[in-house]
$ cat start-v8.json   # JSON, C-alpha atoms
[["chain", "number", "residue", "atom", "x", "y", "z"],
["A", 1, "MET", "CA", 0.00, 0.00, 0.00],
["A", 2, "ASP", "CA", 1.10, 3.56, -0.71],
["A", 3, "VAL", "CA", 2.42, 5.12, 2.51],
["A", 4, "ARG", "CA", 1.21, 8.58, 1.43],
["A", 5, "ARG", "CA", -2.34, 7.26, 1.13],
["A", 6, "LEU", "CA", -2.07, 5.66, 4.58],
["A", 7, "ARG", "CA", -1.05, 9.06, 5.97],
["A", 8, "LEU", "CA", -4.03, 10.62, 4.25],
["A", 9, "LEU", "CA", -6.41, 8.04, 5.76],
["A", 10, "VAL", "CA", -5.00, 8.68, 9.24],
["A", 11, "GLU", "CA", -5.41, 12.43, 8.72],
["A", 12, "PHE", "CA", -9.01, 11.87, 7.60],
["A", 13, "ALA", "CA", -9.66, 9.97, 10.86],
["A", 14, "VAL", "CA", -8.29, 12.95, 12.81],
["A", 15, "GLN", "CA", -10.08, 15.67, 10.85],
["A", 16, "GLY", "CA", -13.37, 13.88, 10.33],
["A", 17, "THR", "CA", -14.27, 15.26, 6.89],
["A", 18, "VAL", "CA", -12.80, 15.34, 3.39],
["A", 19, "THR", "CA", -12.85, 19.14, 3.39],
["A", 20, "ALA", "CA", -10.97, 19.46, 6.67],
["A", 21, "THR", "CA", -8.47, 16.80, 5.55],
["A", 22, "ALA", "CA", -7.88, 18.67, 2.30],
["A", 23, "ASP", "CA", -7.31, 21.93, 4.20],
["A", 24, "ALA", "CA", -4.90, 20.28, 6.64],
["A", 25, "LEU", "CA", -2.86, 18.69, 3.84],
["A", 26, "HIS", "CA", -3.13, 21.64, 1.42],
["A", 27, "LEU", "CA", -4.96, 19.53, -1.16],
["A", 28, "THR", "CA", -8.26, 19.83, -2.96],
["A", 29, "GLY", "CA", -11.32, 17.89, -1.85],
["A", 30, "PRO", "CA", -11.50, 15.85, -5.07],
["A", 31, "ALA", "CA", -7.81, 14.93, -4.72],
["A", 32, "VAL", "CA", -8.42, 13.59, -1.22],
["A", 33, "SER", "CA", -11.46, 11.61, -2.38],
["A", 34, "GLN", "CA", -9.49, 10.13, -5.29],
["A", 35, "GLN", "CA", -6.61, 9.06, -3.04],
["A", 36, "LEU", "CA", -8.98, 7.47, -0.53],
["A", 37, "ALA", "CA", -10.73, 5.58, -3.32],
["A", 38, "ALA", "CA", -7.35, 4.39, -4.64],
["A", 39, "LEU", "CA", -6.35, 3.17, -1.16],
["A", 40, "GLU", "CA", -9.67, 1.32, -0.84],
["A", 41, "LYS", "CA", -8.97, -0.40, -4.15],
["A", 42, "GLU", "CA", -5.48, -1.39, -2.95],
["A", 43, "ALA", "CA", -6.91, -2.76, 0.31],
["A", 44, "GLY", "CA", -9.59, -4.79, -1.47],
["A", 45, "VAL", "CA", -12.20, -4.02, 1.21],
["A", 46, "GLN", "CA", -14.53, -1.12, 1.90],
["A", 47, "LEU", "CA", -12.75, 1.41, 4.13],
["A", 48, "LEU", "CA", -15.32, 4.20, 4.06],
["A", 49, "VAL", "CA", -19.10, 4.37, 3.94],
["A", 50, "LYS", "CA", -21.28, 7.36, 3.11],
["A", 51, "ARG", "CA", -23.83, 8.37, 5.73],
["A", 52, "GLY", "CA", -25.87, 11.32, 4.60],
["A", 53, "ARG", "CA", -23.35, 13.85, 3.29],
["A", 54, "ARG", "CA", -20.44, 12.52, 5.34],
["A", 55, "LEU", "CA", -17.93, 9.73, 4.88],
["A", 56, "GLU", "CA", -17.33, 7.49, 7.87],
["A", 57, "LEU", "CA", -14.80, 4.76, 8.53],
["A", 58, "THR", "CA", -15.91, 1.13, 8.36],
["A", 59, "ALA", "CA", -14.60, -1.43, 10.84],
["A", 60, "ALA", "CA", -12.04, -2.45, 8.22],
["A", 61, "GLY", "CA", -11.02, 1.19, 7.80],
["A", 62, "GLN", "CA", -10.46, 1.55, 11.54],
["A", 63, "ARG", "CA", -8.40, -1.65, 11.62],
["A", 64, "LEU", "CA", -6.24, -0.33, 8.80],
["A", 65, "ILE", "CA", -5.72, 2.92, 10.70],
["A", 66, "ASP", "CA", -4.57, 0.96, 13.76],
["A", 67, "HIS", "CA", -1.93, -0.75, 11.61],
["A", 68, "ALA", "CA", -1.10, 2.53, 9.87],
["A", 69, "HIS", "CA", -0.26, 4.15, 13.22],
["A", 70, "VAL", "CA", 2.38, 1.48, 13.81],
["A", 71, "VAL", "CA", 3.78, 1.69, 10.27],
["A", 72, "LEU", "CA", 3.88, 5.48, 10.18],
["A", 73, "GLY", "CA", 5.26, 5.71, 13.70],
["A", 74, "ASN", "CA", 8.12, 3.34, 12.91],
["A", 75, "LEU", "CA", 8.78, 5.08, 9.62],
["A", 76, "ALA", "CA", 8.85, 8.50, 11.30],
["A", 77, "ALA", "CA", 11.21, 7.14, 13.94],
["A", 78, "ALA", "CA", 13.57, 5.75, 11.31],
["A", 79, "GLU", "CA", 13.51, 9.01, 9.36],
["A", 80, "SER", "CA", 14.15, 11.03, 12.51],
["A", 81, "GLU", "CA", 17.04, 8.87, 13.69],
["A", 82, "LEU", "CA", 18.67, 8.78, 10.25],
["A", 83, "ALA", "CA", 18.36, 12.56, 9.95],
["A", 84, "ALA", "CA", 19.93, 12.95, 13.40],
["A", 85, "LEU", "CA", 22.79, 10.63, 12.41],
["A", 86, "ARG", "CA", 23.39, 12.62, 9.24],
["A", 87, "ARG", "CA", 23.67, 15.79, 11.31],
["A", 88, "GLY", "CA", 25.73, 14.09, 14.00],
["A", 89, "GLU", "CA", 22.97, 14.79, 16.53],
["A", 90, "ARG", "CA", 21.08, 12.82, 19.13],
["A", 91, "SER", "CA", 17.49, 11.79, 18.43],
["A", 92, "ARG", "CA", 14.65, 13.93, 19.80],
["A", 93, "VAL", "CA", 11.62, 12.81, 21.84],
["A", 94, "ARG", "CA", 8.67, 15.18, 22.16],
["A", 95, "ILE", "CA", 6.55, 14.89, 25.31],
["A", 96, "ALA", "CA", 3.26, 16.46, 26.38],
["A", 97, "ALA", "CA", 2.55, 16.33, 30.12],
["A", 98, "PHE", "CA", 0.05, 17.78, 32.58],
["A", 99, "PRO", "CA", 1.50, 20.24, 35.14],
["A", 100, "THR", "CA", 1.98, 17.90, 38.13],
["A", 101, "ALA", "CA", 3.81, 15.29, 36.03],
["A", 102, "ALA", "CA", 5.80, 18.02, 34.28],
["A", 103, "ARG", "CA", 7.00, 19.25, 37.67],
["A", 104, "ALA", "CA", 7.53, 15.92, 39.46],
["A", 105, "LEU", "CA", 8.74, 13.58, 36.70],
["A", 106, "LEU", "CA", 9.97, 15.36, 33.61],
["A", 107, "PRO", "CA", 12.98, 17.23, 35.11],
["A", 108, "ARG", "CA", 14.66, 13.85, 35.68],
["A", 109, "LEU", "CA", 14.90, 13.40, 31.91],
["A", 110, "TRP", "CA", 17.63, 16.05, 31.91],
["A", 111, "PRO", "CA", 21.06, 15.40, 33.46],
["A", 112, "GLY", "CA", 21.98, 17.14, 36.71],
["A", 113, "PRO", "CA", 23.59, 20.60, 36.55],
["A", 114, "HIS", "CA", 27.07, 19.08, 36.94],
["A", 115, "SER", "CA", 26.52, 16.01, 34.75],
["A", 116, "ALA", "CA", 26.89, 15.41, 31.04],
["A", 117, "PRO", "CA", 24.08, 13.67, 29.15],
["A", 118, "ALA", "CA", 24.59, 10.01, 28.32],
["A", 119, "PRO", "CA", 25.81, 9.57, 24.74],
["A", 120, "ASP", "CA", 22.67, 7.65, 23.76],
["A", 121, "ALA", "CA", 20.21, 9.87, 25.68],
["A", 122, "PRO", "CA", 17.74, 11.65, 23.36],
["A", 123, "LEU", "CA", 17.08, 15.35, 23.35],
["A", 124, "ILE", "CA", 13.81, 16.14, 25.13],
["A", 125, "HIS", "CA", 11.21, 18.64, 23.99],
["A", 126, "LEU", "CA", 8.45, 19.28, 26.55],
["A", 127, "VAL", "CA", 5.09, 20.98, 26.18],
["A", 128, "GLU", "CA", 2.57, 21.31, 29.04],
["A", 129, "HIS", "CA", -0.92, 20.02, 28.22],
["A", 130, "GLU", "CA", -3.90, 18.70, 30.12],
["A", 131, "PRO", "CA", -4.57, 15.01, 29.27],
["A", 132, "HIS", "CA", -7.19, 15.65, 26.56],
["A", 133, "ALA", "CA", -4.94, 18.13, 24.73],
["A", 134, "ALA", "CA", -1.92, 15.85, 25.19],
["A", 135, "GLU", "CA", -3.77, 12.94, 23.57],
["A", 136, "SER", "CA", -4.88, 15.21, 20.73],
["A", 137, "ALA", "CA", -1.27, 16.25, 20.12],
["A", 138, "LEU", "CA", -0.25, 12.57, 20.14],
["A", 139, "ARG", "CA", -2.94, 11.63, 17.60],
["A", 140, "LYS", "CA", -1.70, 14.42, 15.34],
["A", 141, "HIS", "CA", 1.91, 13.21, 15.71],
["A", 142, "GLN", "CA", 2.88, 16.54, 17.27],
["A", 143, "VAL", "CA", 4.40, 14.66, 20.23],
["A", 144, "ASP", "CA", 5.80, 11.16, 20.73],
["A", 145, "ILE", "CA", 4.61, 10.57, 24.31],
["A", 146, "ALA", "CA", 1.60, 11.94, 26.20],
["A", 147, "ILE", "CA", 1.72, 11.81, 30.00],
["A", 148, "THR", "CA", -1.93, 11.63, 31.03],
["A", 149, "HIS", "CA", -4.03, 10.76, 34.05],
["A", 150, "THR", "CA", -7.36, 9.13, 34.77],
["A", 151, "TYR", "CA", -9.43, 9.20, 37.95],
["A", 152, "SER", "CA", -11.15, 6.15, 39.40],
["A", 153, "LEU", "CA", -14.41, 8.12, 39.07],
["A", 154, "LEU", "CA", -13.59, 9.09, 35.45],
["A", 155, "PRO", "CA", -12.36, 6.13, 33.39],
["A", 156, "ARG", "CA", -10.87, 7.05, 30.00],
["A", 157, "SER", "CA", -10.40, 4.73, 27.03],
["A", 158, "LEU", "CA", -7.01, 4.45, 25.39],
["A", 159, "PRO", "CA", -6.78, 6.44, 22.13],
["A", 160, "PRO", "CA", -7.02, 4.25, 18.98],
["A", 161, "GLY", "CA", -3.68, 3.00, 17.74],
["A", 162, "CYS", "CA", -1.96, 3.63, 21.07],
["A", 163, "GLU", "CA", -0.59, 1.70, 24.03],
["A", 164, "GLN", "CA", 0.41, 2.84, 27.49],
["A", 165, "ARG", "CA", 2.89, 2.26, 30.29],
["A", 166, "PRO", "CA", 1.46, 2.77, 33.78],
["A", 167, "LEU", "CA", 3.65, 5.03, 35.91],
["A", 168, "PHE", "CA", 1.95, 5.29, 39.30],
["A", 169, "GLU", "CA", -1.33, 5.53, 41.19],
["A", 170, "GLU", "CA", -1.95, 8.06, 43.95],
["A", 171, "PRO", "CA", -4.80, 8.89, 46.34],
["A", 172, "VAL", "CA", -6.84, 12.09, 46.25],
["A", 173, "HIS", "CA", -6.97, 13.95, 49.57],
["A", 174, "LEU", "CA", -9.33, 16.48, 51.09],
["A", 175, "VAL", "CA", -7.28, 19.51, 52.12],
["A", 176, "LEU", "CA", -8.56, 22.19, 54.50],
["A", 177, "HIS", "CA", -7.24, 24.67, 57.04],
["A", 178, "THR", "CA", -6.29, 23.16, 60.40],
["A", 179, "ALA", "CA", -8.78, 25.47, 62.12],
["A", 180, "ASP", "CA", -11.57, 24.16, 59.90],
["A", 181, "ALA", "CA", -10.46, 20.58, 60.59],
["A", 182, "ALA", "CA", -10.76, 21.33, 64.32],
["A", 183, "ARG", "CA", -14.20, 22.89, 63.72],
["A", 184, "HIS", "CA", -15.31, 19.60, 62.15],
["A", 185, "GLY", "CA", -13.75, 17.62, 65.01],
["A", 186, "LEU", "CA", -11.19, 15.91, 62.75],
["A", 187, "ARG", "CA", -8.02, 14.40, 64.15],
["A", 188, "PRO", "CA", -4.84, 14.93, 62.08],
["A", 189, "GLY", "CA", -4.72, 12.42, 59.23],
["A", 190, "ALA", "CA", -8.17, 10.94, 59.97],
["A", 191, "ALA", "CA", -10.21, 9.70, 57.01],
["A", 192, "VAL", "CA", -13.15, 11.99, 56.21],
["A", 193, "ASP", "CA", -16.64, 11.63, 54.80],
["A", 194, "LEU", "CA", -17.29, 14.30, 52.18],
["A", 195, "ARG", "CA", -20.88, 14.64, 53.40],
["A", 196, "LEU", "CA", -19.51, 16.65, 56.32],
["A", 197, "PHE", "CA", -18.44, 19.39, 53.89],
["A", 198, "ALA", "CA", -21.64, 19.92, 51.92],
["A", 199, "GLU", "CA", -22.05, 23.41, 53.39],
["A", 200, "ASP", "CA", -18.37, 24.44, 53.19],
["A", 201, "PRO", "CA", -17.06, 26.79, 50.49],
["A", 202, "TRP", "CA", -15.15, 24.86, 47.81],
["A", 203, "LEU", "CA", -12.07, 25.63, 45.73],
["A", 204, "LEU", "CA", -12.22, 23.97, 42.31],
["A", 205, "PRO", "CA", -9.88, 23.41, 39.36],
["A", 206, "GLY", "CA", -11.04, 24.89, 36.05],
["A", 207, "PRO", "CA", -14.10, 23.34, 34.37],
["A", 208, "GLU", "CA", -12.01, 22.27, 31.36],
["A", 209, "THR", "CA", -9.97, 19.87, 33.54],
["A", 210, "ALA", "CA", -10.64, 16.29, 34.60],
["A", 211, "CYS", "CA", -9.84, 17.39, 38.16],
["A", 212, "HIS", "CA", -12.91, 19.65, 38.11],
["A", 213, "GLU", "CA", -15.16, 16.81, 36.97],
["A", 214, "MET", "CA", -13.59, 14.48, 39.55],
["A", 215, "THR", "CA", -14.49, 16.91, 42.35],
["A", 216, "GLN", "CA", -18.03, 17.29, 41.03],
["A", 217, "ARG", "CA", -18.53, 13.52, 40.87],
["A", 218, "ALA", "CA", -16.99, 12.82, 44.28],
["A", 219, "CYS", "CA", -19.22, 15.43, 45.89],
["A", 220, "GLY", "CA", -22.21, 14.23, 43.89],
["A", 221, "ALA", "CA", -21.63, 10.68, 45.15],
["A", 222, "ALA", "CA", -21.69, 12.18, 48.67],
["A", 223, "GLY", "CA", -25.07, 13.76, 47.92],
["A", 224, "PHE", "CA", -24.32, 17.43, 47.28],
["A", 225, "VAL", "CA", -23.13, 19.92, 44.66],
["A", 226, "PRO", "CA", -20.00, 21.82, 45.74],
["A", 227, "GLN", "CA", -20.40, 25.60, 45.88],
["A", 228, "PRO", "CA", -17.16, 27.16, 44.58],
["A", 229, "VAL", "CA", -15.78, 30.44, 45.86],
["A", 230, "ALA", "CA", -12.66, 30.20, 43.65],
["A", 231, "VAL", "CA", -11.67, 28.38, 40.46],
["A", 232, "ALA", "CA", -7.99, 27.92, 39.49],
["A", 233, "ASN", "CA", -6.11, 25.27, 37.53],
["A", 234, "ASP", "CA", -2.94, 25.62, 39.62],
["A", 235, "PHE", "CA", -3.11, 23.50, 42.78],
["A", 236, "THR", "CA", -0.58, 25.82, 44.46],
["A", 237, "VAL", "CA", -3.16, 28.60, 44.10],
["A", 238, "LEU", "CA", -5.83, 26.41, 45.70],
["A", 239, "THR", "CA", -3.58, 25.45, 48.62],
["A", 240, "ALA", "CA", -2.58, 29.10, 49.14],
["A", 241, "LEU", "CA", -6.28, 29.93, 49.38],
["A", 242, "ILE", "CA", -6.85, 27.06, 51.81],
["A", 243, "ALA", "CA", -4.09, 28.52, 54.00],
["A", 244, "ARG", "CA", -6.24, 31.70, 54.19],
["A", 245, "ARG", "CA", -9.32, 29.63, 55.15],
["A", 246, "ALA", "CA", -11.01, 30.43, 51.85],
["A", 247, "GLY", "CA", -12.41, 26.92, 51.47],
["A", 248, "VAL", "CA", -11.66, 23.21, 51.02],
["A", 249, "ALA", "CA", -10.43, 21.25, 47.98],
["A", 250, "LEU", "CA", -9.74, 17.76, 46.67],
["A", 251, "ILE", "CA", -6.08, 17.47, 45.64],
["A", 252, "PRO", "CA", -4.06, 14.47, 44.36],
["A", 253, "ARG", "CA", -1.15, 13.54, 46.63],
["A", 254, "LEU", "CA", 1.65, 14.48, 44.22],
["A", 255, "ALA", "CA", 0.12, 17.93, 43.73],
["A", 256, "LEU", "CA", 0.27, 18.71, 47.46],
["A", 257, "PRO", "CA", 2.80, 21.33, 48.64],
["A", 258, "SER", "CA", 5.34, 20.68, 51.37],
["A", 259, "PRO", "CA", 3.76, 20.07, 54.80],
["A", 260, "SER", "CA", 2.44, 23.29, 56.32],
["A", 261, "PRO", "CA", 0.98, 24.04, 59.77],
["A", 262, "GLU", "CA", -1.98, 25.73, 58.07],
["A", 263, "LEU", "CA", -3.00, 22.69, 56.02],
["A", 264, "SER", "CA", -4.80, 19.57, 57.24],
["A", 265, "VAL", "CA", -4.66, 16.65, 54.78],
["A", 266, "HIS", "CA", -7.12, 13.75, 54.92],
["A", 267, "MET", "CA", -7.84, 10.53, 53.04],
["A", 268, "LEU", "CA", -11.44, 9.92, 51.96],
["A", 269, "THR", "CA", -13.67, 7.23, 53.45],
["A", 270, "ALA", "CA", -14.86, 6.64, 49.87],
["A", 271, "PRO", "CA", -11.39, 6.63, 48.24],
["A", 272, "VAL", "CA", -10.67, 8.32, 44.91],
["A", 273, "HIS", "CA", -7.44, 7.57, 43.05],
["A", 274, "ARG", "CA", -5.58, 9.12, 40.15],
["A", 275, "ARG", "CA", -3.67, 6.88, 37.76],
["A", 276, "VAL", "CA", -0.84, 8.35, 35.70],
["A", 277, "GLN", "CA", 0.44, 6.77, 32.51],
["A", 278, "ALA", "CA", 2.63, 7.40, 29.48],
["A", 279, "VAL", "CA", 0.70, 6.94, 26.21],
["A", 280, "TYR", "CA", 2.39, 6.43, 22.84],
["A", 281, "HIS", "CA", 1.65, 5.04, 19.39],
["A", 282, "LEU", "CA", 1.60, 1.27, 18.94],
["A", 283, "GLY", "CA", 5.05, -0.10, 18.27],
["A", 284, "THR", "CA", 6.99, 3.07, 19.04],
["A", 285, "GLY", "CA", 7.80, 1.85, 22.56],
["A", 286, "ARG", "CA", 10.42, -0.38, 20.91],
["A", 287, "ARG", "CA", 12.34, 2.65, 19.66],
["A", 288, "PRO", "CA", 15.56, 2.93, 21.70],
["A", 289, "ASP", "CA", 15.06, 6.64, 22.42],
["A", 290, "ILE", "CA", 11.41, 6.28, 23.49],
["A", 291, "ARG", "CA", 12.20, 3.17, 25.51],
["A", 292, "HIS", "CA", 14.96, 5.14, 27.29],
["A", 293, "VAL", "CA", 12.46, 7.90, 28.14],
["A", 294, "LEU", "CA", 9.81, 5.45, 29.36],
["A", 295, "ASP", "CA", 12.32, 3.66, 31.60],
["A", 296, "THR", "CA", 13.51, 6.99, 33.01],
["A", 297, "LEU", "CA", 9.94, 8.13, 33.66],
["A", 298, "ALA", "CA", 9.15, 4.86, 35.46],
["A", 299, "ALA", "CA", 12.23, 5.29, 37.67],
["A", 300, "ALA", "CA", 11.30, 8.92, 38.37],
["A", 301, "ALA", "CA", 7.74, 7.89, 39.27],
["A", 302, "ALA", "CA", 9.05, 5.30, 41.74],
["A", 303, "VAL", "CA", 11.18, 7.96, 43.45],
["A", 304, "ALA", "CA", 8.42, 10.61, 43.45],
["A", 305, "THR", "CA", 5.80, 8.32, 44.97],
["A", 306, "ALA", "CA", 8.17, 6.84, 47.55],
["A", 307, "ASN", "CA", 8.74, 10.21, 49.23]]

$ encode --input "start-v8.json" --output "structure tokens"
Amino acid sequence: MDVRRLRLLVEFAVQGTVTATADALHLTGPAVSQQLAALEKEAGVQLLVKRGRRLELTAAGQRLIDHAHVVLGNLAAAESELAALRRGERSRVRIAAFPTAARALLPRLWPGPHSAPAPDAPLIHLVEHEPHAAESALRKHQVDIAITHTYSLLPRSLPPGCEQRPLFEEPVHLVLHTADAARHGLRPGAAVDLRLFAEDPWLLPGPETACHEMTQRACGAAGFVPQPVAVANDFTVLTALIARRAGVALIPRLALPSPSPELSVHMLTAPVHRRVQAVYHLGTGRRPDIRHVLDTLAAAAAVATAN
């Protein structure tokens, strides 16, 4: 099969329409349609079906895309490594990560300030993205690895054509001012029932984040809707507000600041967990540079969660 047509089919799956695919690839609509028809003829099975005015992938088309992700990923890796060898450079791995992982894990991909990088260590390019945006960048081949998270209350399916390496799992804590903990009669470190905080002011992450939805669902399971007095995506902002007795918040363990006399941290009687994983295209985990990054991330996760 023609590799260029495979790329076009993958782009169609991302864009969703012939027109958008043509715009993304700087082609005309008829040219895209002709190339898709030619690929279908090469495959010998129906890859696309017309529903109304739109083309949609058949099951066979989706299966071909799954294989195309592996083929194109390996081809891109080979091209990248050969280009780096021609220039006498190290290979490059592009990573998208949400803020907590970017802070706690990603710095370990660089050597220490007084150390030289290993000869076979790839160059790292990092961009900060929430999980949904990171997965979108991965699907569009803008990054090689997406560091994402899922909550036990919010399961997420793996993107098509991808695999993952689990990094760690951490509990979500209720965090409040020590004076408010005393007001509720809570001992330090005691597990708490969220129903006790139905009338408290809440501090929430932004509505575009999974952390926001996690808080809404956890409180909903406890029988109430949290009433926010502040919304901020940065957990350090939320904990600074807690230190001023502005309200309470649910915060994953790795996002907690250093211990503070103003903050009281509690497990939940109905536990909520956050799972963190590295997601990448099928087959690319065998690339030496990506395998090196995945192994380093796993080691960094073990250190970060052991503290």

$ atom_distance --input "start-v8.json" --atom1 "atom CA of A:Ala179" --atom2 "atom CA of A:Ala232"
22.8 Å

$ closest_residue --input "start-v8.json" --among "A:His67, A:Ile147, A:Arg108, A:Thr100" --to "A:Arg165" --atoms "only C-alpha atoms"
A:Ile147

$ residues_around --input "start-v8.json" --residues "A:Gly247" --least-positions-apart "5" --cutoff "8 Å" --atoms "all atoms listed in the file" --output "VMD selection string"
chain A and resid 176 to 177 200 to 203 229 241 to 242

$ closest_residue --input "start-v8.json" --among "A:Leu167, A:Met1, A:Ala60, A:Val70" --to "A:Thr296" --atoms "only C-alpha atoms"
A:Leu167

$ decode --input "start-v8.json" --residues "stretch 29-59 of chain A" --atoms "C-alpha atoms" --output "JSON list (two decimals), in the first residue's frame"
[["chain", "number", "residue", "atom", "x", "y", "z"],
["A", 29, "GLY", "CA", -11.32, 17.89, -1.85],
["A", 30, "PRO", "CA", -11.50, 15.85, -5.07],
["A", 31, "ALA", "CA", -7.81, 14.93, -4.72],
["A", 32, "VAL", "CA", -8.42, 13.59, -1.22],
["A", 33, "SER", "CA", -11.46, 11.61, -2.38],
["A", 34, "GLN", "CA", -9.49, 10.13, -5.29],
["A", 35, "GLN", "CA", -6.61, 9.06, -3.04],
["A", 36, "LEU", "CA", -8.98, 7.47, -0.53],
["A", 37, "ALA", "CA", -10.73, 5.58, -3.32],
["A", 38, "ALA", "CA", -7.35, 4.39, -4.64],
["A", 39, "LEU", "CA", -6.35, 3.17, -1.16],
["A", 40, "GLU", "CA", -9.67, 1.32, -0.84],
["A", 41, "LYS", "CA", -8.97, -0.40, -4.15],
["A", 42, "GLU", "CA", -5.48, -1.39, -2.95],
["A", 43, "ALA", "CA", -6.91, -2.76, 0.31],
["A", 44, "GLY", "CA", -9.59, -4.79, -1.47],
["A", 45, "VAL", "CA", -12.20, -4.02, 1.21],
["A", 46, "GLN", "CA", -14.53, -1.12, 1.90],
["A", 47, "LEU", "CA", -12.75, 1.41, 4.13],
["A", 48, "LEU", "CA", -15.32, 4.20, 4.06],
["A", 49, "VAL", "CA", -19.10, 4.37, 3.94],
["A", 50, "LYS", "CA", -21.28, 7.36, 3.11],
["A", 51, "ARG", "CA", -23.83, 8.37, 5.73],
["A", 52, "GLY", "CA", -25.87, 11.32, 4.60],
["A", 53, "ARG", "CA", -23.35, 13.85, 3.29],
["A", 54, "ARG", "CA", -20.44, 12.52, 5.34],
["A", 55, "LEU", "CA", -17.93, 9.73, 4.88],
["A", 56, "GLU", "CA", -17.33, 7.49, 7.87],
["A", 57, "LEU", "CA", -14.80, 4.76, 8.53],
["A", 58, "THR", "CA", -15.91, 1.13, 8.36],
["A", 59, "ALA", "CA", -14.60, -1.43, 10.84]]
